[in-house]
Number of protein chains: 2
Amino acid sequence: MSDKKIPYKIYLEENEMPKAWYNVRADMKNKPAPLLNPGTHEPMKPEELAPVFCEELIKQEMDNDTAYFDIPQEILDYYKTFRPSPLVRAYNLEKKLGTPAKIYYKFEGNNTSGSHKLNSAIAQAYYAKKQGLKGVTTETGAGQWGTALSMACAYFGLDCKVYMVKVSYEQKPFRREVMRTYGAQVTPSPSETTQIGKKILAEYPGTTGSLGCAISEAVEVATSTEGYRYVLGSVLNQVLLHQSVIGLETKAALDKYDIKPDIIIGCAGGGSNLGGLISPFMGEKLRGEADYRIIAVEPSSCPSFTRGKYAYDFCDTGMVCPLAKMYTLGSGFIPAPNHAGGLRYHGMSSILSQLYDDGYMEAVSVPQVKVFEAAEEFARVEGILPAPESSHAIRVAIDEALKCKETGEEKTIVFGLTGTGYFDMVAYEKFHDGKMDDYVPTDEELEKYISKLPKID
Amino acid sequence: MSDKKIPYKIYLEENEMPKAWYNVRADMKNKPAPLLNPGTHEPMKPEELAPVFCEELIKQEMDNDTAYFDIPQEILDYYKTFRPSPLVRAYNLEKKLGTPAKIYYKFEGNNTSGSHKLNSAIAQAYYAKKQGLKGVTTETGAGQWGTALSMACAYFGLDCKVYMVKVSYEQKPFRREVMRTYGAQVTPSPSETTQIGKKILAEYPGTTGSLGCAISEAVEVATSTEGYRYVLGSVLNQVLLHQSVIGLETKAALDKYDIKPDIIIGCAGGGSNLGGLISPFMGEKLRGEADYRIIAVEPSSCPSFTRGKYAYDFCDTGMVCPLAKMYTLGSGFIPAPNHAGGLRYHGMSSILSQLYDDGYMEAVSVPQVKVFEAAEEFARVEGILPAPESSHAIRVAIDEALKCKETGEEKTIVFGLTGTGYFDMVAYEKFHDGKMDDYVPTDEELEKYISKLPKID
């Protein structure tokens with residue numbers, strides 16, 4: 001490590017920002033499995049995806065070989081309004097923990113969407129605009145993605161229809177107003193506005209919704225409305241591609257100070273933040289140039305990596321989307337209502353699933369009370385009020401730092417602080433009032449949905 | 001101006017951050033009038049202020065001569081966790097407006113308090129800790145100051161009791177949870193926990209509270225509780241001193257690119273942000289080294305500069321605090337309940353009042369619907385969802401930029417974007433639903449309170 005004093009926050013200069021996204025698939029020996037047509041079980045062709053997705057994004061989705069994609073100037077210009085994001089040295093947290101470990105976090109929450117989601121939202125809105133579309137539809141869980149897409153659509157003058165998981169819609173009443181400020185139309189899901197929404201409501205009256213269900217509704221509206229396409233905030237290969245900007249900036253900032261991380265930690269719902277953060281590091285690992293411990297952290301109430309099955313599954317509850325091979329809990333799985341925040345998707349990015357299956361990364365699941373304890377400890381010393389999702393990574397970063405305290409090892413830990421918790425105060429209130437609990441699904445409950453996975457030869 | 005390309009965001013390096021606060025009083029020919037003892041009408045002595053305020057802060061409050069105060073290392077260390085704040089070139093807003101003006105804003109909202117208030121909160125908490133106190137009490141209006149102080153107290157391990165103006169407490173239910181996350185105790189004001197609160201409730205049943213009233217309660221608790229002192233987030237000279245860090249950073253960032261502003265705009269409630277932002281520029285103006293148009297923007301529902309009287313008045317509704325000479329609407333004045341956000345204080349910083357009276361700055365008042373229109377326009381192109389308070393400055397910055405569009409002048413406009421509106425969605429919702437109006441007090445209503453100003457020879 002260099003002798004340069006490391007500042008609290010490492011900012012890249014504007015001209016040091018990445019000008020291309022990195023596609024980790026180019027360096028994977030075992031490529032992520034292709035999307036399958038749900039009817040034929042054959043790999044999806046671009047023309048089959050075209051009614052759902054934007055053309056340029058389909059190319060990015062299916063390209064397992066091109067290592068770098070130039071970021072269009074229009075997207076770079078918008079990136080400059082909220083990027084580069086700081087890589088923060090957690091001096092105060094280290095001191096509080098009394099650990100010899102050096103802790104860094106890449107903080108993606110300093111924009112109005114409150115998270116990293118804006119990195120992909122602005123890219124997807126740009127390609128939709130370029131294709132001459134009128135608007136896009138999407139789902140949102142915790143609300144960051146919906147907010148990010150609303151912002152992106154406002155910037156490019158696109159119409160934006162958001163289906164928001166009902167439990168989040170109710171827990172986060174103000175998220176809707178933020179999206180409205182950016183001109184979006186927000187509907188709680190499941191809703192009566194779609195065929196699939198009506199069907200789900202009839203089958204599961206009183207359901208609090210799920211990402212899988214909201215996806216089905218958004219896809220239905222996109223494919224049945226002239227000039228619209230569907231966009232997704234996580235899981236897809238294209239999203240991980242856009243999010244690689246997180247990891248590229250992180251690596252550039254670390255390289256500036258000759259810092260080499262030992263452990264890289266990220267929370268994982270659909271995998272967009274984790275996939276983006278680790279991309280360039282994973283690339284080095286895949287090429288045999290460096291080694292890192294990479295840890296995915298998921299909620300024990302929605303444990304797709306740690307207790308799911310690696311298999312083809314539907315991406316949505318309504319089973320209208322293509323099949324993806326991924327670690328999954330089954331497309332019918334919905335986390336218990338006591339689960340706060342995001343990270344509630346039943347599946348996981350195909351890229352990350354393949355990397356995990358190939359042994360390139362680890363995964364742990366953590367219970368939510370422990371997550372909020374970490375969140376509060378972090379907030380009090382580092383200032384930032386973290387999102388519940390991000391706090392999963394904080395929990396494991398603290399745990400790893402405390403192990404270093406026992407062993408005396410001066411490990412360098414980098415984690416992704418994906419966002420802020422300003423719209424999660426209902427969950428924080430539950431935590432403060434001792435009303436939060438740690439519901440963990442039983443094996444029987446999980447088996448109920450996993451047993452229904454589609455049979456693919 | 002230099003040929004260097006100006007980035008979207010100008011960040012100072014950590015080692016370029018100010019190491020001393022600048023005290024504009026040192027350069028004022030007409031010093032701000034001293035605080036008076038409410039009984040004797042004699043200038044307050046330090047020992048008379050000691051039961052209320054921390055010792056070191058009293059020194060800062062009363063020192064009209066020292067130009068620079070070194071920032072203690074402990075405060076610098078905390079500043080580094082959220083400062084320097086970016087000076088942003090509003091390229092997207094300029095383009096949207098089609099103006100030849102160059103617009104910059106100093107963005108203070110990238111910290112969990114959501115505003116510039118943390119600059120003074122951490123300073124005041126530090127001095128309280130240094131004095132060996134157990135805790136501090138304060139009031140909060142919009143909630144930013146209370147949040148900032150909670151964060152600062154958590155960092156230094158101090159107890160924190162916050163009296164929150166009742167209307168804000170109700171409009172911003174989640175602010176309380178943020179403060180609780182940092183361990184603060186939050187009480188809506190007026191409350192039954194103090195003598196003055198009981199008295200005000202008896203006199204004005206159903207009152208939605210005011211900053212003046214919350215101050216009275218907080219002061220009562222501080223002076224009647226062992227080991228506690230009272231701290232204030234605005235108005236006071238010491239607060240403007242701490243907030244000079246905003247202006248010093250702004251000036252350093254502009255100087256880096258040889259940019260000279262023509263117009264500097266800030267919203268004004270008690271004056272802390274505006275006073276901090278303009279400090280070094282005003283210093284140059286006072287010393288005859290440069291000239292700038294400096295504009296204070298206030299809500300037309302609480303127009304202390306534009307329709308108040310420059311006179312001695314009580315700082316609080318309960319009339320327990322010292323008297324300050326300031327532009328005031330009378331300590332009994334409470335803005336109409338339809339007024340959203342902060343900027344609801346009846347008076348104004350003595351420093352700014354003197355500078356305004358001496359003709360060194362201008363003031364305008366703006367109605368709130370126009371303010372929210374500017375907020376939304378800004379949010380959609382610049383990304384950031386602004387606080388209602390900050391949006392007063394946006395309104396006038398846009399208006400000035402549009403004047404440049406008419407005249408073709410390439411003026412450089414700098415304004416203070418004090419914070420984010422993430423906790424103001426009730427107000428945004430009213431705006432979206434067309435339920436916001438522009439109540440402006442009549443002359444008779446204002447005269448009712450101004451006529452009750454204390455008579456000082």
# chains A, B, ... in the order shown; residues from 1 in each chain; ligands from 1
>>> residues_around(residues="B:Val167", least_positions_apart="3", cutoff="10 Å", atoms="only C-alpha atoms", output="PyMOL selection string")
chain B and resi 141-142+164+170-172+188-189+207-210+337-341
>>> interface_residues(of="chain A", to="chain B", cutoff="7 Å", atoms="only C-alpha atoms", output="JSON list (two decimals) with N, CA, C and O atoms, in the first residue's frame")
[["chain", "number", "residue", "atom", "x", "y", "z"],
["A", 7, "PRO", "N", -7.82, 9.76, 2.30],
["A", 7, "PRO", "CA", -8.85, 10.67, 2.79],
["A", 7, "PRO", "C", -10.10, 9.91, 3.23],
["A", 7, "PRO", "O", -10.24, 8.72, 2.96],
["A", 8, "TYR", "N", -10.99, 10.60, 3.93],
["A", 8, "TYR", "CA", -12.25, 9.97, 4.33],
["A", 8, "TYR", "C", -13.03, 9.54, 3.09],
["A", 8, "TYR", "O", -13.64, 8.48, 3.09],
["A", 14, "GLU", "N", -13.86, 14.06, -12.70],
["A", 14, "GLU", "CA", -14.85, 13.79, -13.74],
["A", 14, "GLU", "C", -14.21, 13.05, -14.93],
["A", 14, "GLU", "O", -14.80, 12.14, -15.51],
["A", 80, "LYS", "N", -22.71, 12.38, -14.79],
["A", 80, "LYS", "CA", -21.91, 13.44, -14.16],
["A", 80, "LYS", "C", -22.72, 14.26, -13.16],
["A", 80, "LYS", "O", -22.15, 14.98, -12.35],
["A", 81, "THR", "N", -24.06, 14.19, -13.24],
["A", 81, "THR", "CA", -24.85, 14.93, -12.26],
["A", 81, "THR", "C", -24.89, 14.23, -10.90],
["A", 81, "THR", "O", -25.17, 14.85, -9.90],
["A", 110, "ASN", "N", -26.14, 8.97, -2.70],
["A", 110, "ASN", "CA", -26.20, 10.42, -2.83],
["A", 110, "ASN", "C", -26.90, 10.91, -4.10],
["A", 110, "ASN", "O", -26.38, 11.73, -4.83],
["A", 111, "ASN", "N", -28.06, 10.36, -4.36],
["A", 111, "ASN", "CA", -28.89, 10.91, -5.44],
["A", 111, "ASN", "C", -30.32, 10.67, -5.01],
["A", 111, "ASN", "O", -30.60, 9.89, -4.10],
["A", 112, "THR", "N", -31.24, 11.37, -5.67],
["A", 112, "THR", "CA", -32.61, 11.38, -5.16],
["A", 112, "THR", "C", -33.29, 10.02, -5.21],
["A", 112, "THR", "O", -34.19, 9.75, -4.42],
["A", 151, "MET", "N", -37.02, 9.40, -12.48],
["A", 151, "MET", "CA", -36.07, 10.49, -12.70],
["A", 151, "MET", "C", -35.51, 10.43, -14.12],
["A", 151, "MET", "O", -35.40, 11.45, -14.81],
["A", 154, "ALA", "N", -38.14, 11.41, -16.69],
["A", 154, "ALA", "CA", -38.36, 12.86, -16.67],
["A", 154, "ALA", "C", -37.26, 13.54, -17.46],
["A", 154, "ALA", "O", -37.51, 14.47, -18.23],
["A", 155, "TYR", "N", -36.03, 13.06, -17.30],
["A", 155, "TYR", "CA", -34.89, 13.68, -17.97],
["A", 155, "TYR", "C", -34.99, 13.55, -19.48],
["A", 155, "TYR", "O", -34.70, 14.48, -20.22],
["A", 174, "PHE", "N", -44.54, 7.95, 0.89],
["A", 174, "PHE", "CA", -43.94, 9.14, 0.29],
["A", 174, "PHE", "C", -43.15, 8.83, -0.97],
["A", 174, "PHE", "O", -42.86, 9.71, -1.77],
["A", 177, "GLU", "N", -45.04, 9.96, -3.92],
["A", 177, "GLU", "CA", -44.99, 11.41, -4.18],
["A", 177, "GLU", "C", -43.69, 11.80, -4.87],
["A", 177, "GLU", "O", -43.68, 12.69, -5.72],
["A", 181, "THR", "N", -43.50, 13.56, -8.45],
["A", 181, "THR", "CA", -42.75, 14.79, -8.70],
["A", 181, "THR", "C", -42.02, 14.69, -10.04],
["A", 181, "THR", "O", -41.86, 15.68, -10.75],
["A", 182, "TYR", "N", -41.60, 13.48, -10.37],
["A", 182, "TYR", "CA", -40.92, 13.25, -11.65],
["A", 182, "TYR", "C", -41.90, 12.84, -12.75],
["A", 182, "TYR", "O", -41.48, 12.40, -13.82],
["A", 376, "GLU", "N", -28.04, 0.81, 12.69],
["A", 376, "GLU", "CA", -28.04, 1.89, 13.67],
["A", 376, "GLU", "C", -26.62, 2.19, 14.16],
["A", 376, "GLU", "O", -26.24, 3.35, 14.32],
["A", 380, "ARG", "N", -24.79, 5.90, 13.53],
["A", 380, "ARG", "CA", -24.36, 6.76, 14.63],
["A", 380, "ARG", "C", -22.91, 7.21, 14.52],
["A", 380, "ARG", "O", -22.55, 8.27, 15.01],
["A", 381, "VAL", "N", -22.07, 6.39, 13.90],
["A", 381, "VAL", "CA", -20.67, 6.81, 13.78],
["A", 381, "VAL", "C", -20.32, 7.34, 12.39],
["A", 381, "VAL", "O", -19.50, 8.24, 12.26],
["A", 383, "GLY", "N", -22.59, 8.62, 10.23],
["A", 383, "GLY", "CA", -23.49, 9.70, 9.82],
["A", 383, "GLY", "C", -24.63, 9.25, 8.93],
["A", 383, "GLY", "O", -25.77, 9.58, 9.17],
["A", 384, "ILE", "N", -24.33, 8.46, 7.93],
["A", 384, "ILE", "CA", -25.33, 8.08, 6.93],
["A", 384, "ILE", "C", -26.36, 7.09, 7.48],
["A", 384, "ILE", "O", -26.00, 6.08, 8.07],
["A", 385, "LEU", "N", -27.63, 7.39, 7.26],
["A", 385, "LEU", "CA", -28.71, 6.46, 7.62],
["A", 385, "LEU", "C", -28.88, 5.48, 6.46],
["A", 385, "LEU", "O", -29.37, 5.85, 5.40],
["A", 422, "TYR", "N", -34.01, 6.85, 4.01],
["A", 422, "TYR", "CA", -34.93, 7.94, 4.35],
["A", 422, "TYR", "C", -36.39, 7.57, 4.16],
["A", 422, "TYR", "O", -37.26, 8.18, 4.77],
["A", 425, "MET", "N", -38.53, 4.58, 7.20],
["A", 425, "MET", "CA", -38.65, 4.86, 8.62],
["A", 425, "MET", "C", -39.73, 4.04, 9.31],
["A", 425, "MET", "O", -39.71, 3.88, 10.53],
["A", 428, "TYR", "N", -37.66, 1.23, 10.47],
["A", 428, "TYR", "CA", -36.84, 1.67, 11.61],
["A", 428, "TYR", "C", -37.70, 1.83, 12.87],
["A", 428, "TYR", "O", -37.27, 1.51, 13.97],
["A", 429, "GLU", "N", -38.91, 2.36, 12.69],
["A", 429, "GLU", "CA", -39.80, 2.54, 13.84],
["A", 429, "GLU", "C", -40.11, 1.19, 14.49],
["A", 429, "GLU", "O", -40.07, 1.06, 15.71]]
>>> atom_distance(atom1="atom CA of B:Ile264", atom2="atom CA of B:Gly143")
25.6 Å
>>> select_by_dssp(residues="stretch 124-273 of chain B", states="strand (DSSP E or B)", output="PyMOL selection string")
chain B and resi 135-140+159-165+185-189+228-230+263-267
>>> write_last_selection(atoms="C-alpha atoms", output="CSV table (one decimal), in the first residue's frame")
chain,number,residue,atom,x,y,z
B,135,GLY,CA,-26.6,16.9,27.1
B,136,VAL,CA,-28.2,19.7,25.1
B,137,THR,CA,-31.8,20.8,24.3
B,138,THR,CA,-33.0,22.5,21.2
B,139,GLU,CA,-35.9,23.3,19.0
B,140,THR,CA,-36.5,22.2,15.4
B,159,ASP,CA,-27.9,13.3,25.4
B,160,CYS,CA,-30.2,15.3,23.1
B,161,LYS,CA,-33.7,16.6,23.8
B,162,VAL,CA,-35.5,18.1,20.8
B,163,TYR,CA,-38.7,20.2,20.9
B,164,MET,CA,-40.2,20.0,17.4
B,165,VAL,CA,-42.8,22.5,16.1
B,185,GLN,CA,-35.8,12.3,22.5
B,186,VAL,CA,-38.3,14.3,20.4
B,187,THR,CA,-41.3,16.2,21.9
B,188,PRO,CA,-43.9,18.1,19.8
B,189,SER,CA,-44.2,21.7,20.8
B,228,TYR,CA,-27.6,20.7,30.2
B,229,ARG,CA,-27.3,23.7,27.9
B,230,TYR,CA,-29.4,25.1,25.1
B,263,ILE,CA,-25.4,37.4,-8.1
B,264,ILE,CA,-25.5,35.3,-4.9
B,265,ILE,CA,-28.8,34.0,-3.7
B,266,GLY,CA,-29.9,32.2,-0.6
B,267,CYS,CA,-33.1,31.4,1.3
>>> atom_distance(atom1="atom CA of B:Asp358", atom2="atom CA of B:Asn37")
24.9 Å
>>> closest_residue(among="B:Leu417, B:Ala311, B:Ala387, B:Val396", to="B:Ser451", atoms="only C-alpha atoms")
B:Ala311
>>> closest_residue(among="B:Thr407, B:Thr306, B:Thr147, B:Ser244", to="B:Met17", atoms="only C-alpha atoms")
B:Ser244
>>> closest_residue(among="A:Asn237, A:Thr328, A:Gln243, A:Ser272", to="A:Ala123", atoms="only C-alpha atoms")
A:Gln243
>>> closest_residue(among="A:Met326, A:Val52, A:Val320, A:Ile103", to="A:Glu400", atoms="only C-alpha atoms")
A:Ile103
>>> atom_distance(atom1="atom CA of B:Thr412", atom2="atom CA of B:Val235")
28.1 Å
>>> select_by_dssp(residues="stretch 192-293 of chain B", states="alpha helix (DSSP H)", output="PyMOL selection string")
chain B and resi 195-203+211-223+237-256+272-286
>>> residues_around(residues="stretch 22-29 of chain A", least_positions_apart="5", cutoff="6 Å", atoms="only C-alpha atoms", output="JSON, numbers by chain")
{"A": [64, 65, 66, 67, 68, 241, 244, 279, 283]}
>>> write_last_selection(atoms="C-alpha atoms", output="mmCIF file, in the first residue's frame")
data_model
loop_
_atom_site.group_PDB
_atom_site.id
_atom_site.type_symbol
_atom_site.label_atom_id
_atom_site.label_comp_id
_atom_site.auth_asym_id
_atom_site.auth_seq_id
_atom_site.Cartn_x
_atom_site.Cartn_y
_atom_site.Cartn_z
ATOM 1 C CA ASN A 64 -21.572 -12.908 -23.640
ATOM 2 C CA ASP A 65 -18.400 -11.973 -25.485
ATOM 3 C CA THR A 66 -17.886 -8.215 -25.778
ATOM 4 C CA ALA A 67 -15.848 -7.145 -22.750
ATOM 5 C CA TYR A 68 -16.515 -3.405 -22.923
ATOM 6 C CA LEU A 241 -23.530 -4.437 -17.232
ATOM 7 C CA SER A 244 -20.415 -2.268 -13.503
ATOM 8 C CA SER A 279 -17.510 -6.996 -11.827
ATOM 9 C CA GLY A 283 -12.872 -10.261 -13.949
#
>>> residues_around(residues="B:Gly308", least_positions_apart="4", cutoff="7 Å", atoms="only C-alpha atoms", output="PDB file with all heavy atoms, in the first residue's frame")
ATOM      1  N   PRO B 303     -42.542  37.135   6.059  1.00  0.00           N
ATOM      2  CA  PRO B 303     -41.653  38.081   5.384  1.00  0.00           C
ATOM      3  C   PRO B 303     -40.908  39.011   6.334  1.00  0.00           C
ATOM      4  O   PRO B 303     -41.131  40.216   6.341  1.00  0.00           O
ATOM      5  CB  PRO B 303     -42.633  38.869   4.510  1.00  0.00           C
ATOM      6  CG  PRO B 303     -43.904  38.891   5.324  1.00  0.00           C
ATOM      7  CD  PRO B 303     -43.915  37.636   6.158  1.00  0.00           C
ATOM      8  N   SER B 304     -39.994  38.487   7.133  1.00  0.00           N
ATOM      9  CA  SER B 304     -39.372  39.335   8.157  1.00  0.00           C
ATOM     10  C   SER B 304     -38.518  40.452   7.557  1.00  0.00           C
ATOM     11  O   SER B 304     -38.582  41.588   8.021  1.00  0.00           O
ATOM     12  CB  SER B 304     -38.572  38.496   9.151  1.00  0.00           C
ATOM     13  OG  SER B 304     -37.871  37.470   8.516  1.00  0.00           O
ATOM     14  N   TYR B 327     -34.575  42.305  12.039  1.00  0.00           N
ATOM     15  CA  TYR B 327     -35.817  42.446  11.304  1.00  0.00           C
ATOM     16  C   TYR B 327     -36.765  41.394  11.860  1.00  0.00           C
ATOM     17  O   TYR B 327     -36.432  40.206  11.895  1.00  0.00           O
ATOM     18  CB  TYR B 327     -35.585  42.269   9.800  1.00  0.00           C
ATOM     19  CG  TYR B 327     -35.119  43.556   9.179  1.00  0.00           C
ATOM     20  CD1 TYR B 327     -33.770  43.886   9.206  1.00  0.00           C
ATOM     21  CD2 TYR B 327     -36.033  44.456   8.642  1.00  0.00           C
ATOM     22  CE1 TYR B 327     -33.339  45.107   8.678  1.00  0.00           C
ATOM     23  CE2 TYR B 327     -35.606  45.671   8.113  1.00  0.00           C
ATOM     24  CZ  TYR B 327     -34.264  45.996   8.133  1.00  0.00           C
ATOM     25  OH  TYR B 327     -33.844  47.205   7.628  1.00  0.00           O
ATOM     26  N   THR B 328     -37.913  41.859  12.321  1.00  0.00           N
ATOM     27  CA  THR B 328     -38.809  40.925  13.009  1.00  0.00           C
ATOM     28  C   THR B 328     -40.270  41.223  12.702  1.00  0.00           C
ATOM     29  O   THR B 328     -40.640  42.363  12.394  1.00  0.00           O
ATOM     30  CB  THR B 328     -38.586  40.981  14.534  1.00  0.00           C
ATOM     31  OG1 THR B 328     -39.485  40.067  15.181  1.00  0.00           O
ATOM     32  CG2 THR B 328     -38.804  42.390  15.080  1.00  0.00           C
ATOM     33  N   LEU B 329     -41.060  40.151  12.783  1.00  0.00           N
ATOM     34  CA  LEU B 329     -42.511  40.273  12.623  1.00  0.00           C
ATOM     35  C   LEU B 329     -43.202  40.264  13.982  1.00  0.00           C
ATOM     36  O   LEU B 329     -44.418  40.218  14.062  1.00  0.00           O
ATOM     37  CB  LEU B 329     -43.025  39.118  11.755  1.00  0.00           C
ATOM     38  CG  LEU B 329     -42.464  39.078  10.331  1.00  0.00           C
ATOM     39  CD1 LEU B 329     -42.710  37.724   9.686  1.00  0.00           C
ATOM     40  CD2 LEU B 329     -43.054  40.198   9.482  1.00  0.00           C
TER      41      LEU B 329
END
>>> residues_around(residues="stretch 191-206 of chain A", least_positions_apart="5", cutoff="9 Å", atoms="only C-alpha atoms", output="count of residues only")
11
